[in-house]
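See below for entry19.txt, which holds compact mmCIF, N, CA and C atoms.
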# COMPACT_ATOMS: atom_id res chain seq x y z
N MET K 1 1.95 -4.85 -36.23
CA MET K 1 3.20 -5.33 -35.65
C MET K 1 4.41 -4.69 -36.32
N LEU K 2 4.30 -4.42 -37.63
CA LEU K 2 5.43 -3.82 -38.33
C LEU K 2 5.80 -2.45 -37.79
N THR K 3 4.86 -1.77 -37.18
CA THR K 3 5.15 -0.44 -36.66
C THR K 3 6.10 -0.48 -35.46
N ILE K 4 6.19 -1.62 -34.79
CA ILE K 4 7.09 -1.70 -33.63
C ILE K 4 8.39 -2.45 -33.93
N LEU K 5 8.45 -3.16 -35.06
CA LEU K 5 9.67 -3.88 -35.43
C LEU K 5 10.64 -2.95 -36.14
N CYS K 6 11.92 -3.19 -35.88
CA CYS K 6 12.95 -2.49 -36.65
C CYS K 6 14.14 -3.43 -36.80
N CYS K 7 14.96 -3.13 -37.77
CA CYS K 7 16.16 -3.92 -38.03
C CYS K 7 17.10 -3.79 -36.84
N PRO K 8 17.58 -4.91 -36.28
CA PRO K 8 18.49 -4.83 -35.14
C PRO K 8 19.87 -4.26 -35.50
N VAL K 9 20.19 -4.22 -36.78
CA VAL K 9 21.50 -3.72 -37.22
C VAL K 9 21.42 -2.24 -37.61
N THR K 10 20.48 -1.91 -38.50
CA THR K 10 20.41 -0.55 -39.03
C THR K 10 19.42 0.34 -38.30
N ARG K 11 18.55 -0.25 -37.51
CA ARG K 11 17.47 0.46 -36.80
C ARG K 11 16.44 1.04 -37.77
N GLN K 12 16.46 0.60 -39.01
CA GLN K 12 15.48 1.02 -40.00
C GLN K 12 14.16 0.30 -39.77
N GLY K 13 13.07 0.93 -40.21
CA GLY K 13 11.78 0.28 -40.18
C GLY K 13 11.76 -0.86 -41.20
N LEU K 14 10.74 -1.70 -41.10
CA LEU K 14 10.62 -2.86 -41.98
C LEU K 14 9.29 -2.85 -42.72
N LYS K 15 9.29 -3.43 -43.91
CA LYS K 15 8.07 -3.58 -44.70
C LYS K 15 8.12 -4.94 -45.38
N PRO K 16 6.98 -5.47 -45.78
CA PRO K 16 6.98 -6.77 -46.48
C PRO K 16 7.75 -6.68 -47.80
N LEU K 17 8.51 -7.72 -48.09
CA LEU K 17 9.20 -7.81 -49.37
C LEU K 17 8.17 -8.17 -50.43
N PRO K 18 8.08 -7.39 -51.50
CA PRO K 18 7.10 -7.68 -52.55
C PRO K 18 7.33 -9.05 -53.20
N SER K 19 6.30 -9.60 -53.81
CA SER K 19 6.36 -10.94 -54.38
C SER K 19 7.43 -11.06 -55.47
N ASP K 20 7.67 -10.02 -56.25
CA ASP K 20 8.71 -10.12 -57.28
C ASP K 20 10.10 -10.24 -56.65
N GLY K 21 10.30 -9.60 -55.51
CA GLY K 21 11.56 -9.74 -54.78
C GLY K 21 11.72 -11.14 -54.21
N LEU K 22 10.63 -11.69 -53.66
CA LEU K 22 10.67 -13.06 -53.15
C LEU K 22 11.02 -14.04 -54.26
N GLU K 23 10.40 -13.89 -55.42
CA GLU K 23 10.67 -14.80 -56.52
C GLU K 23 12.12 -14.70 -57.00
N SER K 24 12.64 -13.48 -57.04
CA SER K 24 14.03 -13.29 -57.44
C SER K 24 14.98 -13.99 -56.47
N LEU K 25 14.73 -13.84 -55.18
CA LEU K 25 15.59 -14.50 -54.18
C LEU K 25 15.41 -16.01 -54.25
N ASN K 26 14.20 -16.49 -54.45
CA ASN K 26 13.96 -17.94 -54.51
C ASN K 26 14.65 -18.57 -55.71
N ARG K 27 14.72 -17.86 -56.83
CA ARG K 27 15.47 -18.37 -57.98
C ARG K 27 16.94 -18.54 -57.61
N ALA K 28 17.50 -17.55 -56.89
CA ALA K 28 18.90 -17.63 -56.47
C ALA K 28 19.10 -18.77 -55.47
N ILE K 29 18.12 -19.01 -54.61
CA ILE K 29 18.22 -20.12 -53.65
C ILE K 29 18.24 -21.44 -54.40
N ARG K 30 17.35 -21.61 -55.39
CA ARG K 30 17.31 -22.85 -56.17
C ARG K 30 18.63 -23.11 -56.90
N ARG K 31 19.31 -22.05 -57.29
CA ARG K 31 20.61 -22.18 -57.97
C ARG K 31 21.76 -22.33 -56.97
N GLY K 32 21.48 -22.21 -55.67
CA GLY K 32 22.52 -22.33 -54.64
C GLY K 32 23.40 -21.11 -54.54
N GLU K 33 22.90 -19.95 -54.95
CA GLU K 33 23.71 -18.73 -55.00
C GLU K 33 23.48 -17.75 -53.85
N LEU K 34 22.43 -17.94 -53.06
CA LEU K 34 22.11 -16.93 -52.04
C LEU K 34 22.72 -17.31 -50.70
N ARG K 35 23.28 -16.32 -50.03
CA ARG K 35 23.95 -16.52 -48.74
C ARG K 35 23.36 -15.58 -47.68
N TYR K 36 23.37 -16.08 -46.45
CA TYR K 36 23.06 -15.22 -45.30
C TYR K 36 24.28 -14.35 -45.02
N MET K 37 24.13 -13.40 -44.13
CA MET K 37 25.24 -12.51 -43.77
C MET K 37 26.39 -13.27 -43.12
N ASP K 38 26.12 -14.44 -42.52
CA ASP K 38 27.21 -15.23 -41.93
C ASP K 38 27.88 -16.13 -42.96
N GLU K 39 27.53 -15.94 -44.25
CA GLU K 39 28.10 -16.66 -45.39
C GLU K 39 27.60 -18.10 -45.56
N SER K 40 26.67 -18.54 -44.71
CA SER K 40 26.08 -19.87 -44.91
C SER K 40 25.02 -19.77 -46.01
N ALA K 41 24.82 -20.88 -46.71
CA ALA K 41 23.87 -20.89 -47.82
C ALA K 41 22.44 -20.82 -47.32
N VAL K 42 21.62 -20.08 -48.04
CA VAL K 42 20.17 -20.07 -47.79
C VAL K 42 19.65 -21.31 -48.51
N GLU K 43 19.13 -22.28 -47.77
CA GLU K 43 18.73 -23.54 -48.37
C GLU K 43 17.24 -23.68 -48.57
N GLU K 44 16.44 -23.00 -47.76
CA GLU K 44 14.98 -23.09 -47.88
C GLU K 44 14.45 -21.83 -48.54
N GLU K 45 13.53 -22.03 -49.50
CA GLU K 45 12.92 -20.88 -50.17
C GLU K 45 12.12 -20.05 -49.17
N LEU K 46 11.96 -18.79 -49.50
CA LEU K 46 11.22 -17.87 -48.65
C LEU K 46 9.76 -17.80 -49.09
N THR K 47 8.86 -17.87 -48.14
CA THR K 47 7.44 -17.67 -48.45
C THR K 47 7.03 -16.25 -48.10
N GLU K 48 7.73 -15.66 -47.14
CA GLU K 48 7.52 -14.27 -46.72
C GLU K 48 8.85 -13.72 -46.25
N ALA K 49 9.00 -12.41 -46.34
CA ALA K 49 10.21 -11.76 -45.84
C ALA K 49 9.92 -10.30 -45.58
N LEU K 50 10.78 -9.70 -44.77
CA LEU K 50 10.73 -8.27 -44.50
C LEU K 50 12.01 -7.64 -45.03
N ILE K 51 11.89 -6.42 -45.53
CA ILE K 51 13.06 -5.69 -46.00
C ILE K 51 13.09 -4.35 -45.27
N THR K 52 14.28 -3.88 -44.97
CA THR K 52 14.40 -2.59 -44.29
C THR K 52 13.95 -1.47 -45.22
N ASP K 53 13.52 -0.37 -44.63
CA ASP K 53 13.07 0.78 -45.41
C ASP K 53 14.13 1.28 -46.39
N ASN K 54 15.40 1.14 -46.02
CA ASN K 54 16.47 1.59 -46.91
C ASN K 54 16.96 0.48 -47.84
N GLY K 55 16.36 -0.71 -47.74
CA GLY K 55 16.67 -1.81 -48.65
C GLY K 55 17.97 -2.54 -48.42
N THR K 56 18.59 -2.36 -47.25
CA THR K 56 19.91 -2.97 -47.04
C THR K 56 19.87 -4.37 -46.43
N ARG K 57 18.79 -4.73 -45.76
CA ARG K 57 18.70 -6.05 -45.10
C ARG K 57 17.35 -6.68 -45.36
N ILE K 58 17.38 -8.00 -45.50
CA ILE K 58 16.16 -8.79 -45.69
C ILE K 58 16.13 -9.85 -44.60
N TYR K 59 14.97 -10.01 -43.97
CA TYR K 59 14.78 -11.00 -42.92
C TYR K 59 13.66 -11.94 -43.33
N ARG K 60 13.93 -13.23 -43.29
CA ARG K 60 12.90 -14.21 -43.64
C ARG K 60 11.86 -14.28 -42.53
N ILE K 61 10.68 -14.73 -42.90
CA ILE K 61 9.61 -14.98 -41.94
C ILE K 61 9.30 -16.47 -42.03
N ASP K 62 9.43 -17.18 -40.93
CA ASP K 62 9.15 -18.61 -40.88
C ASP K 62 7.94 -18.86 -40.00
N ASP K 63 6.91 -19.48 -40.55
CA ASP K 63 5.69 -19.77 -39.80
C ASP K 63 5.11 -18.53 -39.13
N GLY K 64 5.17 -17.40 -39.83
CA GLY K 64 4.62 -16.16 -39.32
C GLY K 64 5.52 -15.41 -38.35
N ILE K 65 6.71 -15.93 -38.09
CA ILE K 65 7.63 -15.31 -37.12
C ILE K 65 8.85 -14.75 -37.84
N PRO K 66 9.08 -13.44 -37.77
CA PRO K 66 10.29 -12.87 -38.39
C PRO K 66 11.55 -13.37 -37.68
N VAL K 67 12.53 -13.79 -38.48
CA VAL K 67 13.82 -14.24 -37.94
C VAL K 67 14.74 -13.02 -37.97
N MET K 68 14.81 -12.32 -36.85
CA MET K 68 15.49 -11.04 -36.77
C MET K 68 16.92 -11.17 -36.21
N LEU K 69 17.66 -12.12 -36.72
CA LEU K 69 19.04 -12.32 -36.30
C LEU K 69 19.97 -11.74 -37.36
N GLU K 70 20.95 -10.96 -36.94
CA GLU K 70 21.87 -10.32 -37.88
C GLU K 70 22.52 -11.34 -38.81
N GLU K 71 23.02 -12.43 -38.25
CA GLU K 71 23.72 -13.42 -39.06
C GLU K 71 22.80 -14.16 -40.03
N ARG K 72 21.48 -14.13 -39.78
CA ARG K 72 20.51 -14.79 -40.65
C ARG K 72 19.78 -13.81 -41.56
N SER K 73 20.29 -12.59 -41.64
CA SER K 73 19.71 -11.65 -42.59
C SER K 73 20.40 -11.85 -43.95
N ILE K 74 19.76 -11.32 -44.97
CA ILE K 74 20.28 -11.40 -46.33
C ILE K 74 20.53 -9.98 -46.80
N SER K 75 21.63 -9.76 -47.45
CA SER K 75 21.94 -8.42 -47.95
C SER K 75 20.90 -7.99 -48.98
N GLY K 76 20.44 -6.77 -48.85
CA GLY K 76 19.52 -6.21 -49.83
C GLY K 76 20.14 -6.10 -51.21
N ALA K 77 21.47 -6.08 -51.27
CA ALA K 77 22.17 -6.04 -52.56
C ALA K 77 21.86 -7.28 -53.39
N ALA K 78 21.44 -8.36 -52.74
CA ALA K 78 21.09 -9.60 -53.47
C ALA K 78 19.97 -9.34 -54.45
N LEU K 79 19.05 -8.44 -54.12
CA LEU K 79 17.97 -8.11 -55.05
C LEU K 79 18.50 -7.39 -56.27
N THR K 80 19.39 -6.43 -56.06
CA THR K 80 19.97 -5.67 -57.17
C THR K 80 20.82 -6.57 -58.04
N GLU K 81 21.64 -7.42 -57.42
CA GLU K 81 22.49 -8.33 -58.18
C GLU K 81 21.66 -9.29 -59.02
N ARG K 82 20.55 -9.77 -58.46
CA ARG K 82 19.69 -10.71 -59.18
C ARG K 82 18.96 -10.04 -60.32
N ALA K 83 18.62 -8.77 -60.15
CA ALA K 83 17.89 -8.05 -61.19
C ALA K 83 18.77 -7.81 -62.42
N VAL K 84 20.08 -7.72 -62.22
CA VAL K 84 21.00 -7.46 -63.30
C VAL K 84 21.16 -8.70 -64.18
N ARG K 85 21.05 -9.88 -63.60
CA ARG K 85 21.26 -11.13 -64.34
C ARG K 85 20.18 -11.42 -65.31

Represent the structure from my file as structure tokens, please.
Amino acid sequence: MLTILCCPVTRQGLKPLPSDGLESLNRAIRRGELRYMDESAVEEELTEALITDNGTRIYRIDDGIPVMLEERSISGAALTERAVR
């Protein structure tokens, strides 16, 4: 399925977000620091996610279904920012 999915914003291909990336984002969610692109808080931890090939967007997967909405994507910069802390 990943071979036919692409980011609706960047048109980049997608791949699963590795577990260390998920844990980094989930720590930020627990602290109330992670935001979607529409600036609303990410309130539920991620169990799975997809990241664009260029690392600019992250899309959560809920119940096996990728949530491919631009406003519900997370900036890939969140991973870099979290790694610095």

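The nearest approach to K:Gly13 among the residues K:Met37, K:Thr52, K:Thr47, K:Arg27, with all atoms listed in the file taken into account, belongs to K:Thr52.
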
Could you pull out the alpha helix (DSSP H) residues of chain K from DSSP and send them as a PDB file with N, CA and C atoms, keeping the file's coordinate frame?
ATOM      1  N   SER K  19       6.300  -9.600 -53.810  1.00  0.00           N
ATOM      2  CA  SER K  19       6.360 -10.940 -54.380  1.00  0.00           C
ATOM      3  C   SER K  19       7.430 -11.060 -55.470  1.00  0.00           C
ATOM      4  N   ASP K  20       7.670 -10.020 -56.250  1.00  0.00           N
ATOM      5  CA  ASP K  20       8.710 -10.120 -57.280  1.00  0.00           C
ATOM      6  C   ASP K  20      10.100 -10.240 -56.650  1.00  0.00           C
ATOM      7  N   GLY K  21      10.300  -9.600 -55.510  1.00  0.00           N
ATOM      8  CA  GLY K  21      11.560  -9.740 -54.780  1.00  0.00           C
ATOM      9  C   GLY K  21      11.720 -11.140 -54.210  1.00  0.00           C
ATOM     10  N   LEU K  22      10.630 -11.690 -53.660  1.00  0.00           N
ATOM     11  CA  LEU K  22      10.670 -13.060 -53.150  1.00  0.00           C
ATOM     12  C   LEU K  22      11.020 -14.040 -54.260  1.00  0.00           C
ATOM     13  N   GLU K  23      10.400 -13.890 -55.420  1.00  0.00           N
ATOM     14  CA  GLU K  23      10.670 -14.800 -56.520  1.00  0.00           C
ATOM     15  C   GLU K  23      12.120 -14.700 -57.000  1.00  0.00           C
ATOM     16  N   SER K  24      12.640 -13.480 -57.040  1.00  0.00           N
ATOM     17  CA  SER K  24      14.030 -13.290 -57.440  1.00  0.00           C
ATOM     18  C   SER K  24      14.980 -13.990 -56.470  1.00  0.00           C
ATOM     19  N   LEU K  25      14.730 -13.840 -55.180  1.00  0.00           N
ATOM     20  CA  LEU K  25      15.590 -14.500 -54.180  1.00  0.00           C
ATOM     21  C   LEU K  25      15.410 -16.010 -54.250  1.00  0.00           C
ATOM     22  N   ASN K  26      14.200 -16.490 -54.450  1.00  0.00           N
ATOM     23  CA  ASN K  26      13.960 -17.940 -54.510  1.00  0.00           C
ATOM     24  C   ASN K  26      14.650 -18.570 -55.710  1.00  0.00           C
ATOM     25  N   ARG K  27      14.720 -17.860 -56.830  1.00  0.00           N
ATOM     26  CA  ARG K  27      15.470 -18.370 -57.980  1.00  0.00           C
ATOM     27  C   ARG K  27      16.940 -18.540 -57.610  1.00  0.00           C
ATOM     28  N   ALA K  28      17.500 -17.550 -56.890  1.00  0.00           N
ATOM     29  CA  ALA K  28      18.900 -17.630 -56.470  1.00  0.00           C
ATOM     30  C   ALA K  28      19.100 -18.770 -55.470  1.00  0.00           C
ATOM     31  N   ILE K  29      18.120 -19.010 -54.610  1.00  0.00           N
ATOM     32  CA  ILE K  29      18.220 -20.120 -53.650  1.00  0.00           C
ATOM     33  C   ILE K  29      18.240 -21.440 -54.400  1.00  0.00           C
ATOM     34  N   ARG K  30      17.350 -21.610 -55.390  1.00  0.00           N
ATOM     35  CA  ARG K  30      17.310 -22.850 -56.170  1.00  0.00           C
ATOM     36  C   ARG K  30      18.630 -23.110 -56.900  1.00  0.00           C
ATOM     37  N   ALA K  77      21.470  -6.080 -51.270  1.00  0.00           N
ATOM     38  CA  ALA K  77      22.170  -6.040 -52.560  1.00  0.00           C
ATOM     39  C   ALA K  77      21.860  -7.280 -53.390  1.00  0.00           C
ATOM     40  N   ALA K  78      21.440  -8.360 -52.740  1.00  0.00           N
ATOM     41  CA  ALA K  78      21.090  -9.600 -53.470  1.00  0.00           C
ATOM     42  C   ALA K  78      19.970  -9.340 -54.450  1.00  0.00           C
ATOM     43  N   LEU K  79      19.050  -8.440 -54.120  1.00  0.00           N
ATOM     44  CA  LEU K  79      17.970  -8.110 -55.050  1.00  0.00           C
ATOM     45  C   LEU K  79      18.500  -7.390 -56.270  1.00  0.00           C
ATOM     46  N   THR K  80      19.390  -6.430 -56.060  1.00  0.00           N
ATOM     47  CA  THR K  80      19.970  -5.670 -57.170  1.00  0.00           C
ATOM     48  C   THR K  80      20.820  -6.570 -58.040  1.00  0.00           C
ATOM     49  N   GLU K  81      21.640  -7.420 -57.420  1.00  0.00           N
ATOM     50  CA  GLU K  81      22.490  -8.330 -58.180  1.00  0.00           C
ATOM     51  C   GLU K  81      21.660  -9.290 -59.020  1.00  0.00           C
ATOM     52  N   ARG K  82      20.550  -9.770 -58.460  1.00  0.00           N
ATOM     53  CA  ARG K  82      19.690 -10.710 -59.180  1.00  0.00           C
ATOM     54  C   ARG K  82      18.960 -10.040 -60.320  1.00  0.00           C
ATOM     55  N   ALA K  83      18.620  -8.770 -60.150  1.00  0.00           N
ATOM     56  CA  ALA K  83      17.890  -8.050 -61.190  1.00  0.00           C
ATOM     57  C   ALA K  83      18.770  -7.810 -62.420  1.00  0.00           C
ATOM     58  N   VAL K  84      20.080  -7.720 -62.220  1.00  0.00           N
ATOM     59  CA  VAL K  84      21.000  -7.460 -63.300  1.00  0.00           C
ATOM     60  C   VAL K  84      21.160  -8.700 -64.180  1.00  0.00           C
TER      61      VAL K  84
END

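Near stretch 17-22 of chain K, within a cut-off of 6 Å and counting all atoms listed in the file, sit the residues Ala49, Leu50 and Ile51 of chain K, with same-chain residues fewer than 6 positions away left out.
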
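Remark: for K:Ala28, the closest of the candidate residues K:Pro16, K:Thr56, K:Ala41, K:Leu69 is K:Ala41 (distances computed over only C-alpha atoms).
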
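The interatomic distance for the pair atom CA of K:Gly55 and atom CA of K:Asn26 works out to 17.4 Å.
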
*Leaving out stretch 2-6 of chain K and any residue of its chain fewer than 2 positions from it, which residues lie within 12 Å of it when counting only C-alpha atoms, given as a count of residues only?*
24

To test the calculation: enclose all listed atoms of stretch 6-17 of chain K in a box whose edges run along x, y and z, add 8 Å on each side, then state centre and edge lengths in Å to one decimal, as JSON.
{"center_x": 14.2, "center_y": -3.6, "center_z": -42.8, "size_x": 30.5, "size_y": 25.2, "size_z": 31.3}

*asked:* To test your reading of the structure, identify every residue in chain K that backbone DSSP assigns to strand (DSSP E), and report it as a PyMOL selection string.
replied: chain K and resi 14-16+49-52+57-62+65-66+74-75

For the residues in that selection, give me N, CA and C atoms as a PDB file, keeping the file's coordinate frame.
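Result saved to again16.pdb:
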ATOM      1  N   LEU K  14      10.740  -1.700 -41.100  1.00  0.00           N
ATOM      2  CA  LEU K  14      10.620  -2.860 -41.980  1.00  0.00           C
ATOM      3  C   LEU K  14       9.290  -2.850 -42.720  1.00  0.00           C
ATOM      4  N   LYS K  15       9.290  -3.430 -43.910  1.00  0.00           N
ATOM      5  CA  LYS K  15       8.070  -3.580 -44.700  1.00  0.00           C
ATOM      6  C   LYS K  15       8.120  -4.940 -45.380  1.00  0.00           C
ATOM      7  N   PRO K  16       6.980  -5.470 -45.780  1.00  0.00           N
ATOM      8  CA  PRO K  16       6.980  -6.770 -46.480  1.00  0.00           C
ATOM      9  C   PRO K  16       7.750  -6.680 -47.800  1.00  0.00           C
ATOM     10  N   ALA K  49       9.000 -12.410 -46.340  1.00  0.00           N
ATOM     11  CA  ALA K  49      10.210 -11.760 -45.840  1.00  0.00           C
ATOM     12  C   ALA K  49       9.920 -10.300 -45.580  1.00  0.00           C
ATOM     13  N   LEU K  50      10.780  -9.700 -44.770  1.00  0.00           N
ATOM     14  CA  LEU K  50      10.730  -8.270 -44.500  1.00  0.00           C
ATOM     15  C   LEU K  50      12.010  -7.640 -45.030  1.00  0.00           C
ATOM     16  N   ILE K  51      11.890  -6.420 -45.530  1.00  0.00           N
ATOM     17  CA  ILE K  51      13.060  -5.690 -46.000  1.00  0.00           C
ATOM     18  C   ILE K  51      13.090  -4.350 -45.270  1.00  0.00           C
ATOM     19  N   THR K  52      14.280  -3.880 -44.970  1.00  0.00           N
ATOM     20  CA  THR K  52      14.400  -2.590 -44.290  1.00  0.00           C
ATOM     21  C   THR K  52      13.950  -1.470 -45.220  1.00  0.00           C
ATOM     22  N   ARG K  57      18.790  -4.730 -45.760  1.00  0.00           N
ATOM     23  CA  ARG K  57      18.700  -6.050 -45.100  1.00  0.00           C
ATOM     24  C   ARG K  57      17.350  -6.680 -45.360  1.00  0.00           C
ATOM     25  N   ILE K  58      17.380  -8.000 -45.500  1.00  0.00           N
ATOM     26  CA  ILE K  58      16.160  -8.790 -45.690  1.00  0.00           C
ATOM     27  C   ILE K  58      16.130  -9.850 -44.600  1.00  0.00           C
ATOM     28  N   TYR K  59      14.970 -10.010 -43.970  1.00  0.00           N
ATOM     29  CA  TYR K  59      14.780 -11.000 -42.920  1.00  0.00           C
ATOM     30  C   TYR K  59      13.660 -11.940 -43.330  1.00  0.00           C
ATOM     31  N   ARG K  60      13.930 -13.230 -43.290  1.00  0.00           N
ATOM     32  CA  ARG K  60      12.900 -14.210 -43.640  1.00  0.00           C
ATOM     33  C   ARG K  60      11.860 -14.280 -42.530  1.00  0.00           C
ATOM     34  N   ILE K  61      10.680 -14.730 -42.900  1.00  0.00           N
ATOM     35  CA  ILE K  61       9.610 -14.980 -41.940  1.00  0.00           C
ATOM     36  C   ILE K  61       9.300 -16.470 -42.030  1.00  0.00           C
ATOM     37  N   ASP K  62       9.430 -17.180 -40.930  1.00  0.00           N
ATOM     38  CA  ASP K  62       9.150 -18.610 -40.880  1.00  0.00           C
ATOM     39  C   ASP K  62       7.940 -18.860 -40.000  1.00  0.00           C
ATOM     40  N   ILE K  65       6.710 -15.930 -38.090  1.00  0.00           N
ATOM     41  CA  ILE K  65       7.630 -15.310 -37.120  1.00  0.00           C
ATOM     42  C   ILE K  65       8.850 -14.750 -37.840  1.00  0.00           C
ATOM     43  N   PRO K  66       9.080 -13.440 -37.770  1.00  0.00           N
ATOM     44  CA  PRO K  66      10.290 -12.870 -38.390  1.00  0.00           C
ATOM     45  C   PRO K  66      11.550 -13.370 -37.680  1.00  0.00           C
ATOM     46  N   ILE K  74      19.760 -11.320 -44.970  1.00  0.00           N
ATOM     47  CA  ILE K  74      20.280 -11.400 -46.330  1.00  0.00           C
ATOM     48  C   ILE K  74      20.530  -9.980 -46.800  1.00  0.00           C
ATOM     49  N   SER K  75      21.630  -9.760 -47.450  1.00  0.00           N
ATOM     50  CA  SER K  75      21.940  -8.420 -47.950  1.00  0.00           C
ATOM     51  C   SER K  75      20.900  -7.990 -48.980  1.00  0.00           C
TER      52      SER K  75
END

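Distance-wise, atom CA of K:Leu46 and atom C of K:Gly32 end up 13.9 Å apart.
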
*Work out how far atom N of K:Cys7 is from atom C of K:Arg30, in Å to one decimal.*
27.9 Å

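Minimum atom-to-atom distance to K:Gly64, evaluated using only N, CA and C atoms, belongs to K:Glu48 out of K:Ser24, K:Glu48, K:Ile29, K:Ala78.
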
_Excluding K:Arg35 and its own-chain neighbours fewer than 6 positions away, which residues fall within 7 Å of it when counting all atoms listed in the file? Please give them as a PyMOL selection string._
chain K and resi 41-42+73-75
